[in-house]
$ cat protein.tsv   # TSV, C-alpha atoms and all ligand atoms
chain	number	residue	atom	x	y	z
A	1	MET	CA	-101.81	101.20	-43.50
A	2	MET	CA	-104.32	102.10	-40.82
A	3	SER	CA	-104.66	99.63	-37.99
A	4	ILE	CA	-107.83	97.58	-38.06
A	5	GLU	CA	-109.73	97.93	-34.81
A	6	SER	CA	-111.97	95.00	-34.09
A	7	ALA	CA	-115.62	94.98	-35.12
A	8	VAL	CA	-118.41	94.51	-32.58
A	9	THR	CA	-120.56	91.89	-34.28
A	10	LYS	CA	-122.25	90.36	-31.24
A	11	VAL	CA	-123.95	91.90	-28.22
A	12	ASP	CA	-125.48	88.96	-26.41
A	13	ASN	CA	-126.84	90.57	-23.32
A	14	VAL	CA	-127.01	93.96	-21.66
A	15	GLY	CA	-127.23	93.55	-17.90
A	16	GLU	CA	-130.49	91.83	-17.09
A	17	LEU	CA	-132.45	93.29	-19.99
A	18	GLU	CA	-134.63	90.94	-22.00
A	19	LEU	CA	-133.87	90.60	-25.73
A	20	PHE	CA	-136.76	92.14	-27.69
A	21	ALA	CA	-135.61	91.55	-31.27
A	22	SER	CA	-132.48	90.57	-33.12
A	23	GLY	CA	-132.24	92.07	-36.61
A	24	LYS	CA	-129.58	91.78	-39.26
A	25	VAL	CA	-127.71	94.77	-37.84
A	26	ARG	CA	-129.28	95.76	-34.54
A	27	GLU	CA	-130.05	94.04	-31.25
A	28	THR	CA	-132.99	95.49	-29.38
A	29	PHE	CA	-133.60	94.99	-25.67
A	30	ARG	CA	-136.64	95.85	-23.57
A	31	PHE	CA	-135.85	98.54	-21.01
A	32	THR	CA	-139.28	99.38	-19.64
A	33	SER	CA	-142.84	98.58	-20.76
A	34	ASN	CA	-142.60	101.44	-23.24
A	35	VAL	CA	-138.90	101.97	-23.85
A	36	LEU	CA	-136.44	99.90	-25.91
A	37	LEU	CA	-132.66	99.91	-26.00
A	38	MET	CA	-131.44	99.65	-29.59
A	39	VAL	CA	-127.84	98.58	-30.07
A	40	SER	CA	-126.23	99.01	-33.50
A	41	THR	CA	-123.57	96.38	-34.06
A	42	ASP	CA	-120.85	96.51	-36.73
A	43	ARG	CA	-122.56	93.73	-38.72
A	44	ILE	CA	-123.21	94.40	-42.38
A	45	SER	CA	-125.81	92.73	-44.56
A	46	ALA	CA	-125.97	92.62	-48.32
A	47	PHE	CA	-128.39	90.83	-50.63
A	48	ASP	CA	-130.32	89.77	-47.49
A	49	TYR	CA	-127.36	87.98	-45.88
A	50	VAL	CA	-125.36	89.09	-42.89
A	51	LEU	CA	-121.71	88.89	-43.97
A	52	PRO	CA	-119.26	87.02	-41.73
A	53	THR	CA	-117.00	90.11	-41.56
A	54	GLY	CA	-118.01	93.22	-39.58
A	55	ILE	CA	-117.07	96.83	-40.38
A	56	PRO	CA	-115.33	98.45	-37.36
A	57	GLY	CA	-117.14	101.58	-36.18
A	58	LYS	CA	-120.16	101.08	-38.47
A	59	GLY	CA	-122.63	100.75	-35.58
A	60	LYS	CA	-121.44	104.05	-34.15
A	61	VAL	CA	-121.95	105.72	-37.52
A	62	LEU	CA	-125.53	104.41	-37.77
A	63	ASN	CA	-126.37	105.35	-34.21
A	64	GLY	CA	-124.68	108.76	-34.37
A	65	LEU	CA	-126.18	109.85	-37.68
A	66	SER	CA	-129.65	108.73	-36.62
A	67	LYS	CA	-129.35	110.69	-33.38
A	68	PHE	CA	-128.12	113.75	-35.28
A	69	PHE	CA	-131.06	113.69	-37.72
A	70	PHE	CA	-133.70	112.80	-35.10
A	71	ARG	CA	-132.64	115.96	-33.27
A	72	GLU	CA	-132.50	118.08	-36.41
A	73	SER	CA	-135.95	117.01	-37.58
A	74	LYS	CA	-137.95	116.84	-34.36
A	75	ASP	CA	-139.98	119.95	-35.18
A	76	VAL	CA	-140.93	118.51	-38.58
A	77	CYS	CA	-142.09	115.11	-37.35
A	78	PRO	CA	-142.03	113.45	-33.91
A	79	ASN	CA	-139.64	110.48	-33.58
A	80	HIS	CA	-138.75	107.63	-31.23
A	81	PHE	CA	-135.47	109.07	-29.92
A	82	ILE	CA	-135.10	109.40	-26.13
A	83	SER	CA	-131.40	109.42	-25.26
A	84	THR	CA	-127.96	107.97	-25.93
A	85	ARG	CA	-126.76	108.66	-22.36
A	86	LEU	CA	-127.25	105.15	-21.07
A	87	GLY	CA	-125.36	105.76	-17.84
A	88	ASP	CA	-128.08	108.23	-16.78
A	89	PHE	CA	-130.72	105.51	-16.99
A	90	ILE	CA	-129.15	102.10	-16.38
A	91	GLU	CA	-126.50	100.78	-14.03
A	92	LEU	CA	-124.11	98.68	-16.07
A	93	GLU	CA	-120.62	97.26	-15.66
A	94	GLU	CA	-117.84	99.54	-16.90
A	95	ASP	CA	-116.93	97.10	-19.73
A	96	MET	CA	-120.50	96.96	-20.96
A	97	LEU	CA	-120.88	100.76	-20.90
A	98	GLU	CA	-117.67	100.99	-22.91
A	99	LEU	CA	-118.87	98.43	-25.46
A	100	LEU	CA	-122.17	100.29	-25.90
A	101	GLU	CA	-120.63	103.77	-25.95
A	102	GLY	CA	-121.80	105.57	-29.11
A	103	ARG	CA	-123.72	102.61	-30.46
A	104	ALA	CA	-126.83	102.45	-28.30
A	105	MET	CA	-130.00	104.50	-28.09
A	106	LEU	CA	-133.03	104.44	-25.84
A	107	VAL	CA	-136.17	104.78	-27.95
A	108	GLU	CA	-139.92	104.83	-27.41
A	109	GLU	CA	-141.45	101.54	-28.46
A	110	MET	CA	-143.65	101.92	-31.54
A	111	LYS	CA	-146.31	99.85	-33.22
A	112	PRO	CA	-144.62	99.66	-36.63
A	113	ILE	CA	-146.40	100.72	-39.82
A	114	PRO	CA	-145.42	97.83	-42.11
A	115	PHE	CA	-144.06	99.79	-45.08
A	116	GLU	CA	-140.64	101.04	-46.06
A	117	CYS	CA	-141.08	104.67	-47.07
A	118	ILE	CA	-138.49	105.18	-49.79
A	119	VAL	CA	-137.81	108.65	-51.17
A	120	ARG	CA	-135.68	109.16	-54.26
A	121	GLY	CA	-134.02	112.42	-55.23
A	122	HIS	CA	-131.90	110.82	-57.97
A	123	LEU	CA	-132.50	108.01	-60.42
A	124	CYS	CA	-130.53	104.94	-59.31
A	125	GLY	CA	-130.89	101.44	-57.89
A	126	SER	CA	-134.11	99.59	-58.67
A	127	ALA	CA	-135.75	102.84	-59.86
A	128	TRP	CA	-133.09	103.18	-62.58
A	129	ARG	CA	-133.71	99.58	-63.71
A	130	GLU	CA	-137.47	100.20	-63.77
A	131	TYR	CA	-137.04	103.40	-65.74
A	132	GLN	CA	-134.83	101.70	-68.32
A	133	ALA	CA	-137.43	98.97	-68.80
A	134	SER	CA	-140.60	101.07	-68.85
A	135	GLY	CA	-139.82	104.79	-68.67
A	136	LYS	CA	-141.69	104.76	-65.36
A	137	VAL	CA	-140.93	104.49	-61.65
A	138	GLY	CA	-143.93	103.02	-59.85
A	139	ASP	CA	-146.88	104.65	-61.61
A	140	ILE	CA	-145.02	107.87	-62.42
A	141	THR	CA	-143.87	108.42	-65.99
A	142	LEU	CA	-140.57	110.29	-66.09
A	143	PRO	CA	-139.17	112.41	-68.94
A	144	GLN	CA	-137.30	110.50	-71.66
A	145	GLY	CA	-133.53	110.50	-71.90
A	146	LEU	CA	-132.63	110.55	-68.20
A	147	GLU	CA	-129.22	109.11	-67.33
A	148	PHE	CA	-128.17	106.98	-64.36
A	149	GLY	CA	-127.97	109.16	-61.24
A	150	ASP	CA	-129.73	112.19	-62.73
A	151	SER	CA	-131.46	114.29	-60.13
A	152	LEU	CA	-135.26	114.27	-60.28
A	153	LYS	CA	-137.25	117.51	-60.46
A	154	THR	CA	-139.26	116.54	-57.40
A	155	PRO	CA	-138.35	113.65	-55.09
A	156	LEU	CA	-140.36	110.47	-55.69
A	157	PHE	CA	-142.12	108.53	-52.93
A	158	THR	CA	-141.88	104.81	-53.76
A	159	PRO	CA	-143.05	102.76	-50.75
A	160	THR	CA	-142.55	99.00	-50.46
A	161	THR	CA	-143.74	96.27	-48.16
A	162	LYS	CA	-141.56	95.55	-45.16
A	163	ALA	CA	-141.16	91.81	-45.69
A	164	GLU	CA	-140.41	89.55	-42.73
A	165	THR	CA	-138.65	87.21	-45.14
A	166	GLY	CA	-137.72	87.56	-48.80
A	167	HIS	CA	-137.71	90.71	-50.87
A	168	ASP	CA	-139.67	93.91	-50.32
A	169	ARG	CA	-142.30	94.50	-52.99
A	170	PRO	CA	-143.34	97.93	-54.36
A	171	VAL	CA	-146.80	99.09	-53.24
A	172	THR	CA	-149.05	101.91	-54.42
A	173	GLN	CA	-150.40	104.74	-52.29
A	174	GLU	CA	-153.78	102.92	-52.49
A	175	ASP	CA	-152.23	99.88	-50.80
A	176	VAL	CA	-150.96	102.10	-47.99
A	177	VAL	CA	-154.41	103.74	-47.69
A	178	ALA	CA	-156.05	100.29	-47.53
A	179	ALA	CA	-153.74	99.33	-44.63
A	180	ILE	CA	-153.78	102.44	-42.45
A	181	GLY	CA	-156.45	104.80	-43.84
A	182	LYS	CA	-156.14	107.89	-46.02
A	183	LYS	CA	-155.26	110.40	-43.33
A	184	ASP	CA	-152.30	108.43	-42.00
A	185	ALA	CA	-151.19	107.32	-45.48
A	186	ASP	CA	-151.15	110.94	-46.66
A	187	TYR	CA	-149.28	111.97	-43.51
A	188	ILE	CA	-146.43	109.46	-43.88
A	189	HIS	CA	-146.14	110.36	-47.57
A	190	LYS	CA	-145.90	114.07	-46.75
A	191	MET	CA	-143.49	113.48	-43.85
A	192	SER	CA	-141.24	111.23	-45.95
A	193	ILE	CA	-140.81	114.00	-48.51
A	194	GLU	CA	-140.31	116.71	-45.87
A	195	LEU	CA	-137.78	114.65	-43.91
A	196	PHE	CA	-135.93	113.77	-47.11
A	197	ASP	CA	-135.76	117.47	-48.05
A	198	LEU	CA	-134.43	118.38	-44.62
A	199	GLY	CA	-131.89	115.56	-44.60
A	200	HIS	CA	-130.78	116.18	-48.14
A	201	ARG	CA	-130.30	119.92	-47.57
A	202	THR	CA	-128.41	119.34	-44.32
A	203	ALA	CA	-126.09	116.75	-45.86
A	204	TYR	CA	-125.52	118.69	-49.08
A	205	ASP	CA	-124.35	121.74	-47.14
A	206	LYS	CA	-121.72	119.47	-45.57
A	207	GLY	CA	-120.52	117.98	-48.85
A	208	ILE	CA	-122.64	114.81	-49.06
A	209	ALA	CA	-125.30	114.24	-51.73
A	210	VAL	CA	-128.20	111.99	-50.68
A	211	LEU	CA	-129.54	110.08	-53.67
A	212	ASP	CA	-132.29	108.18	-51.92
A	213	THR	CA	-133.28	107.03	-48.46
A	214	LYS	CA	-135.75	104.96	-46.50
A	215	PHE	CA	-137.87	105.90	-43.49
A	216	GLU	CA	-139.94	103.74	-41.16
A	217	PHE	CA	-142.86	105.05	-39.15
A	218	GLY	CA	-144.85	103.72	-36.22
A	219	TYR	CA	-147.55	104.69	-33.72
A	220	ASN	CA	-146.57	105.65	-30.19
A	221	ARG	CA	-148.76	104.99	-27.14
A	222	ARG	CA	-150.77	108.12	-27.75
A	223	GLY	CA	-151.49	106.99	-31.33
A	224	GLU	CA	-149.22	109.64	-32.84
A	225	ILE	CA	-147.19	108.74	-35.92
A	226	CYS	CA	-143.44	109.00	-35.30
A	227	VAL	CA	-140.33	108.26	-37.38
A	228	MET	CA	-138.52	105.24	-35.94
A	229	ASP	CA	-135.67	102.90	-36.85
A	230	GLU	CA	-132.69	104.73	-38.40
A	231	PHE	CA	-132.45	108.08	-40.19
A	232	MET	CA	-130.30	108.86	-43.25
A	233	THR	CA	-127.59	106.35	-42.51
A	234	PRO	CA	-125.33	104.70	-45.11
A	235	ASP	CA	-127.41	101.51	-44.61
A	236	SER	CA	-130.73	103.17	-45.41
A	237	SER	CA	-129.50	105.66	-48.01
A	238	ARG	CA	-127.23	106.12	-51.00
A	239	PHE	CA	-124.62	108.86	-50.80
A	240	TRP	CA	-122.11	110.50	-53.11
A	241	LEU	CA	-119.46	113.05	-52.23
A	242	LYS	CA	-120.74	116.36	-53.60
A	243	SER	CA	-117.28	117.22	-54.97
A	244	GLU	CA	-117.11	113.99	-57.00
A	245	TYR	CA	-120.70	114.31	-58.21
A	246	ARG	CA	-120.02	117.84	-59.41
A	247	ASN	CA	-117.06	116.49	-61.38
A	248	GLY	CA	-119.36	114.06	-63.12
A	249	GLN	CA	-118.43	110.99	-61.07
A	250	ARG	CA	-121.51	108.86	-60.49
A	251	ASN	CA	-120.28	105.45	-59.51
A	252	ASN	CA	-118.45	106.03	-56.25
A	253	PHE	CA	-120.94	105.36	-53.47
A	254	TYR	CA	-120.28	106.23	-49.82
A	255	ASP	CA	-122.70	103.66	-48.42
A	256	LYS	CA	-123.42	99.90	-48.55
A	257	GLU	CA	-123.41	100.08	-52.35
A	258	TYR	CA	-119.61	99.86	-52.13
A	259	ILE	CA	-119.92	96.36	-50.64
A	260	ARG	CA	-122.66	95.33	-53.07
A	261	SER	CA	-120.36	96.27	-55.98
A	262	TYR	CA	-117.49	94.35	-54.45
A	263	LEU	CA	-119.70	91.27	-53.99
A	264	ASN	CA	-121.08	91.54	-57.54
A	265	ASP	CA	-117.53	91.66	-58.93
A	266	SER	CA	-116.35	88.84	-56.65
A	267	GLY	CA	-118.33	86.18	-58.49
A	268	TRP	CA	-120.30	85.12	-55.38
A	269	ASP	CA	-123.52	83.36	-56.50
A	270	LYS	CA	-125.56	85.02	-53.67
A	271	GLU	CA	-126.16	81.63	-52.05
A	272	PRO	CA	-125.00	80.95	-48.49
A	273	PRO	CA	-122.43	81.00	-47.10
A	274	ALA	CA	-121.67	84.68	-47.73
A	275	PRO	CA	-117.95	85.25	-48.31
A	276	ASN	CA	-115.49	86.95	-45.98
A	277	LEU	CA	-114.45	90.45	-46.98
A	278	PRO	CA	-110.74	91.12	-47.60
A	279	ASP	CA	-109.02	93.45	-45.10
A	280	GLU	CA	-108.61	96.26	-47.64
A	281	VAL	CA	-112.33	96.19	-48.51
A	282	VAL	CA	-113.24	96.29	-44.80
A	283	ALA	CA	-110.87	99.22	-44.22
A	284	GLU	CA	-112.20	101.16	-47.21
A	285	MET	CA	-115.84	100.54	-46.24
A	286	ALA	CA	-115.07	101.66	-42.66
A	287	ARG	CA	-113.40	104.79	-44.05
A	288	ARG	CA	-116.42	105.65	-46.20
A	289	TYR	CA	-118.86	105.19	-43.31
A	290	ARG	CA	-116.62	107.43	-41.21
A	291	VAL	CA	-116.34	110.14	-43.87
A	292	VAL	CA	-120.13	110.40	-44.10
A	293	TYR	CA	-120.54	110.58	-40.32
A	294	GLU	CA	-117.78	113.12	-39.80
A	295	SER	CA	-118.80	115.32	-42.73
A	296	ILE	CA	-122.44	115.55	-41.73
A	297	THR	CA	-122.12	115.78	-37.95
A	298	GLU	CA	-118.83	117.72	-37.92
A	299	HIS	CA	-117.66	115.46	-35.07
A	300	SER	CA	-114.91	112.89	-35.24
A	301	LEU	CA	-115.96	109.30	-34.73
A	302	ALA	CA	-114.71	108.23	-31.31
B	401	LIG	N1	-139.11	102.39	-31.95
B	401	LIG	C1	-139.25	101.16	-32.45
B	401	LIG	N2	-140.19	100.33	-31.96
B	401	LIG	C2	-140.34	99.05	-32.47
B	401	LIG	N3	-139.57	98.53	-33.45
B	401	LIG	C3	-138.60	99.33	-33.99
B	401	LIG	C4	-138.40	100.66	-33.51
B	401	LIG	N4	-137.37	101.22	-34.25
B	401	LIG	C5	-136.97	100.25	-35.12
B	401	LIG	N5	-137.70	99.12	-34.98
B	401	LIG	C6	-137.51	97.84	-35.72
B	401	LIG	O1	-136.33	97.22	-35.20
B	401	LIG	C7	-135.62	96.51	-36.24
B	401	LIG	C8	-134.18	97.03	-36.35
B	401	LIG	O2	-133.26	96.03	-36.55
B	401	LIG	P1	-132.42	95.83	-37.88
B	401	LIG	O3	-132.27	97.10	-38.60
B	401	LIG	O4	-131.20	95.06	-37.52
B	401	LIG	O5	-133.40	94.90	-38.66
B	401	LIG	P2	-133.41	94.69	-40.23
B	401	LIG	O6	-132.23	93.98	-40.68
B	401	LIG	O7	-133.70	96.00	-40.88
B	401	LIG	O8	-134.63	93.80	-40.44
B	401	LIG	P3	-135.13	92.57	-39.62
B	401	LIG	O9	-135.52	93.10	-38.28
B	401	LIG	O10	-136.27	92.14	-40.46
B	401	LIG	O11	-133.98	91.59	-39.57
B	401	LIG	C9	-136.39	96.76	-37.53
B	401	LIG	O12	-137.24	95.67	-37.76
B	401	LIG	C10	-137.24	98.00	-37.21
B	401	LIG	O13	-138.43	98.06	-37.94
B	402	MG	MG	-133.02	97.83	-40.72

$ encode --input "protein.tsv" --output "structure tokens"
Amino acid sequence: MMSIESAVTKVDNVGELELFASGKVRETFRFTSNVLLMVSTDRISAFDYVLPTGIPGKGKVLNGLSKFFFRESKDVCPNHFISTRLGDFIELEEDMLELLEGRAMLVEEMKPIPFECIVRGHLCGSAWREYQASGKVGDITLPQGLEFGDSLKTPLFTPTTKAETGHDRPVTQEDVVAAIGKKDADYIHKMSIELFDLGHRTAYDKGIAVLDTKFEFGYNRRGEICVMDEFMTPDSSRFWLKSEYRNGQRNNFYDKEYIRSYLNDSGWDKEPPAPNLPDEVVAEMARRYRVVYESITEHSLA
């Protein structure tokens, strides 16, 4: 039995920095007028609730994979990444630097574009349910007879709203055009597909199949559109191990889906309070996050 290191589920303050936003998973602090410090905690959310149990090392996986892909993709599309070397920029107590090590990133502040740009290379999740009901995903009619998890000939772009509260709702490309104009709407569509292709290819070479993912974009000070938030993490994507997929296994997810399945089977009615996760589920989820990080980056998780 592996020992369970403790999860970092709270980061209340970083030196004197002012809290900018507290999300379900990340705490963001203002560093300068144009630069934010994003800290990925080990919190995990499912069905819109933050669970009381954290997943040790998860924040480092999110931060590390995002950094890896921001670097890989910078020539395809600009992004918000500045640095993970906090010590070069801020003077902090030794304990605080240690707590933040591997889980914090300085980023350029963006004016968010309020859509979640989802790209699907395989048929699963809500797209699978939609297809079963109507043969379509969004306004695209797909061939008949597709099975759960089948790979799609060309990746589908299925944007949604980015809801402050409640569920995200699918939107059409016309809705995106109405909000930000045709040029920018076309650009984020094109970039979503290109970034998905790059991420998918990179991960697949390392033994991880990316089924779908979500990107967020924003405008920087110069009005340029950049990718922000996270990039191809197990919170924003669905992953399979390539080896298992090739053997026909399509139900063993290496992402948050593992926890969703556990919660579905647990009988929880999805009303608060969210239940605690058993130790073995926490350990297995932590292992899966780590496998994805270590496979793709070829570095061990510190
Ligand atoms: N460079 C950036 N500038 C401004 N906001 C950003 C930037 N990068 C990410 N964000 C925003 O910061 C938040 C990240 O926090 P987190 O992922 O914990 O939130 P969430 O659970 O996805 O959603 P919510 O913030 O609604 O709780 C997201 O709302 C994201 O859109
Ligand atoms: Mg998020």

$ closest_atom_pairs --input "protein.tsv" --of "chain A" --to "ligand LIG 401 (chain B)" --cutoff "10 Å" --atoms "all atoms listed in the file" --output "Markdown table"
| residue | atom | partner | partner_atom | distance |
| --- | --- | --- | --- | --- |
| A:Phe20 | CA | B:LIG401 | N3 | 9.1 |
| A:Ala21 | CA | B:LIG401 | O1 | 6.9 |
| A:Ser22 | CA | B:LIG401 | O4 | 6.4 |
| A:Gly23 | CA | B:LIG401 | O4 | 3.3 |
| A:Lys24 | CA | B:LIG401 | O6 | 3.7 |
| A:Val25 | CA | B:LIG401 | O4 | 3.5 |
| A:Arg26 | CA | B:LIG401 | O4 | 3.6 |
| A:Glu27 | CA | B:LIG401 | O4 | 6.5 |
| A:Thr28 | CA | B:LIG401 | O1 | 6.9 |
| A:Asn34 | CA | B:LIG401 | N2 | 9.1 |
| A:Val35 | CA | B:LIG401 | N1 | 8.1 |
| A:Leu36 | CA | B:LIG401 | N1 | 7.1 |
| A:Leu37 | CA | B:LIG401 | N1 | 9.1 |
| A:Met38 | CA | B:LIG401 | N4 | 7.7 |
| A:Val39 | CA | B:LIG401 | O2 | 8.8 |
| A:Ser40 | CA | B:LIG401 | O4 | 7.5 |
| A:Thr41 | CA | B:LIG401 | O4 | 8.5 |
| A:Arg43 | CA | B:LIG401 | O4 | 8.8 |
| A:Ile44 | CA | B:LIG401 | O6 | 9.2 |
| A:Ser45 | CA | B:LIG401 | O6 | 7.6 |
| A:Ala46 | CA | B:LIG401 | O6 | 10.0 |
| A:Asp48 | CA | B:LIG401 | O6 | 8.2 |
| A:Tyr49 | CA | B:LIG401 | O6 | 9.3 |
| A:Val50 | CA | B:LIG401 | O6 | 8.7 |
| A:Leu62 | CA | B:LIG401 | O3 | 10.0 |
| A:Asn79 | CA | B:LIG401 | N1 | 8.3 |
| A:His80 | CA | B:LIG401 | N1 | 5.3 |
| A:Phe81 | CA | B:LIG401 | N1 | 7.9 |
| A:Ile82 | CA | B:LIG401 | N1 | 10.0 |
| A:Leu106 | CA | B:LIG401 | N1 | 8.9 |
| A:Val107 | CA | B:LIG401 | N1 | 5.5 |
| A:Glu108 | CA | B:LIG401 | N1 | 5.2 |
| A:Glu109 | CA | B:LIG401 | N2 | 3.9 |
| A:Met110 | CA | B:LIG401 | N2 | 3.8 |
| A:Lys111 | CA | B:LIG401 | C2 | 6.1 |
| A:Pro112 | CA | B:LIG401 | C2 | 6.0 |
| A:Ile113 | CA | B:LIG401 | O13 | 8.6 |
| A:Pro114 | CA | B:LIG401 | O13 | 8.1 |
| A:Phe115 | CA | B:LIG401 | O13 | 9.3 |
| A:Glu116 | CA | B:LIG401 | O13 | 8.9 |
| A:Lys162 | CA | B:LIG401 | O10 | 7.9 |
| A:Ala163 | CA | B:LIG401 | O10 | 7.2 |
| A:Glu164 | CA | B:LIG401 | O10 | 5.4 |
| A:Thr165 | CA | B:LIG401 | O10 | 7.2 |
| A:Gly166 | CA | B:LIG401 | O10 | 9.6 |
| A:Phe215 | CA | B:LIG401 | O13 | 9.6 |
| A:Glu216 | CA | B:LIG401 | O13 | 6.7 |
| A:Phe217 | CA | B:LIG401 | N4 | 8.3 |
| A:Gly218 | CA | B:LIG401 | N2 | 7.2 |
| A:Tyr219 | CA | B:LIG401 | N2 | 8.7 |
| A:Asn220 | CA | B:LIG401 | N1 | 8.3 |
| A:Cys226 | CA | B:LIG401 | N1 | 8.6 |
| A:Val227 | CA | B:LIG401 | N1 | 8.1 |
| A:Met228 | CA | B:LIG401 | N4 | 4.5 |
| A:Asp229 | CA | B:LIG401 | C5 | 3.4 |
| A:Glu230 | CA | B:LIG401 | C5 | 7.0 |
| A:Asp235 | CA | B:LIG401 | O3 | 8.9 |
| A:Ser236 | CA | B:LIG401 | O7 | 9.0 |

$ residues_near_point --input "protein.tsv" --point "(-128.7, 106.2, -47.1)" --cutoff "7 Å" --atoms "all atoms listed in the file" --output "PDB file with C-alpha atoms, in the coordinates of the input"
ATOM      1  CA  VAL A 210    -128.200 111.990 -50.680  1.00  0.00           C
ATOM      2  CA  ASP A 212    -132.290 108.180 -51.920  1.00  0.00           C
ATOM      3  CA  THR A 213    -133.280 107.030 -48.460  1.00  0.00           C
ATOM      4  CA  MET A 232    -130.300 108.860 -43.250  1.00  0.00           C
ATOM      5  CA  THR A 233    -127.590 106.350 -42.510  1.00  0.00           C
ATOM      6  CA  PRO A 234    -125.330 104.700 -45.110  1.00  0.00           C
ATOM      7  CA  ASP A 235    -127.410 101.510 -44.610  1.00  0.00           C
ATOM      8  CA  SER A 236    -130.730 103.170 -45.410  1.00  0.00           C
ATOM      9  CA  SER A 237    -129.500 105.660 -48.010  1.00  0.00           C
ATOM     10  CA  ARG A 238    -127.230 106.120 -51.000  1.00  0.00           C
ATOM     11  CA  PHE A 239    -124.620 108.860 -50.800  1.00  0.00           C
ATOM     12  CA  ASP A 255    -122.700 103.660 -48.420  1.00  0.00           C
TER      13      ASP A 255
END

$ closest_residue --input "protein.tsv" --among "A:Lys214, A:Gly54, A:Arg201, A:Val177" --to "ligand MG 402 (chain B)" --atoms "all atoms listed in the file"
A:Lys214

$ closest_residue --input "protein.tsv" --among "A:Gly102, A:Gly121, A:Gly145, A:Pro273" --to "Gly64 (chain A)" --atoms "only C-alpha atoms"
A:Gly102

$ closest_residue --input "protein.tsv" --among "A:Leu241, A:Lys67, A:Pro159, A:Ile55" --to "Glu174 (chain A)" --atoms "all atoms listed in the file"
A:Pro159

$ residues_near_point --input "protein.tsv" --point "(-118.1, 99.8, -39.7)" --cutoff "10 Å" --atoms "all atoms listed in the file" --output "ChimeraX atom specification"
/A:5-9,41-44,53-62,282-290

$ atom_distance --input "protein.tsv" --atom1 "CA of Met96 (chain A)" --atom2 "CA of Ala302 (chain A)"
16.4 Å

$ residues_around --input "protein.tsv" --residues "region 127-132 of chain A" --least-positions-apart "5" --cutoff "12 Å" --atoms "only C-alpha atoms" --output "list in words"
Ile118, Val119, Arg120, Gly121, His122, Val137, Gly138, Asp139, Ile140, Thr141, Leu142, Pro143, Gln144, Gly145, Leu146, Glu147, Phe148, Gly149, Asp150, Ser151, Leu152, Leu156, Phe157, Thr158, Pro159, Pro170, Leu211 and Asp212 of chain A

$ atom_distance --input "protein.tsv" --atom1 "CA of His167 (chain A)" --atom2 "CA of Ile180 (chain A)"
21.6 Å
